[in-house]
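A.B. asks: This is the structure I have questions about; it appears just below.
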Amino acid sequence: MLHAVGFGEADFDKPQVGIASTWSNLTPCNMHIDGLARLAAQGVEGRAPRRDIRHHHRLDGISMGTPGMR
């Protein structure tokens with residue numbers, strides 16, 4: 001499966017580094033985070049970074065006043 005997403009044989013001998021991101025283009029407060037995740041991936045050069053680890057985010061503007069904000 002990892003060969004299909006661009007891993008070569010040498011990548012399997014490198015540490016794999018997961019970079020979790022709350023990036024979303026749904027809210028303005030999260031739109032810049034993808035750029036930060038890309039910079040973090042550049043910082044682990046020589047390893048096998050994976051930026052595709054997603055984390056959910058809460059939208060305080062949408063959920064204001066709901067049980068989800070408590």
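Letters A, B, ... mark the chains of the structure tokens in the order given; residue numbers begin at 1 per chain; ligand numbers begin at 1, in order shown.
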For segment 34-39 of chain A, work out the shell of residues within 9 Å, counting only C-alpha atoms and skipping chain neighbours fewer than 3 positions away, then give it as a PyMOL selection string.
C.D. replies: chain A and resi 19-24+30-31+42-43+51
A.B. asks: Take the residues from that selection and put them in a file with C-alpha atoms, as a PDB file, in the first residue's frame.
C.D. replies:
ATOM      1  CA  ILE A  19       2.518  14.780  11.327  1.00  0.00           C
ATOM      2  CA  ALA A  20      -0.994  15.286  12.699  1.00  0.00           C
ATOM      3  CA  SER A  21      -2.853  18.295  11.379  1.00  0.00           C
ATOM      4  CA  THR A  22      -6.144  19.989  12.168  1.00  0.00           C
ATOM      5  CA  TRP A  23      -6.097  21.684   8.766  1.00  0.00           C
ATOM      6  CA  SER A  24      -9.438  22.406   7.213  1.00  0.00           C
ATOM      7  CA  ASN A  30      -7.622  26.403  10.539  1.00  0.00           C
ATOM      8  CA  MET A  31      -6.805  27.311   6.931  1.00  0.00           C
ATOM      9  CA  GLN A  42      10.361  19.517   5.392  1.00  0.00           C
ATOM     10  CA  GLY A  43      11.917  19.553   8.874  1.00  0.00           C
ATOM     11  CA  ARG A  51       1.229  14.533   6.763  1.00  0.00           C
TER      12      ARG A  51
END
A.B. asks: Given only C-alpha atoms as the basis, pick out the residue of A:Val44, A:Met1, A:Leu26, A:Ile33 nearest to Lys14 of chain A.
C.D. replies: A:Val44
A.B. asks: As an exercise, work out the distance from atom CA of Pro67 of chain A to atom CA of Pro28 of chain A in Å and give it to one decimal place.
C.D. replies: 22.8 Å
A.B. asks: May I ask for the distance between atom CA of Gly18 of chain A and atom CA of Ala4 of chain A, given in Å to one decimal place?
C.D. replies: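 Pair atom CA of Gly18 of chain A / atom CA of Ala4 of chain A returns 17.7 Å.
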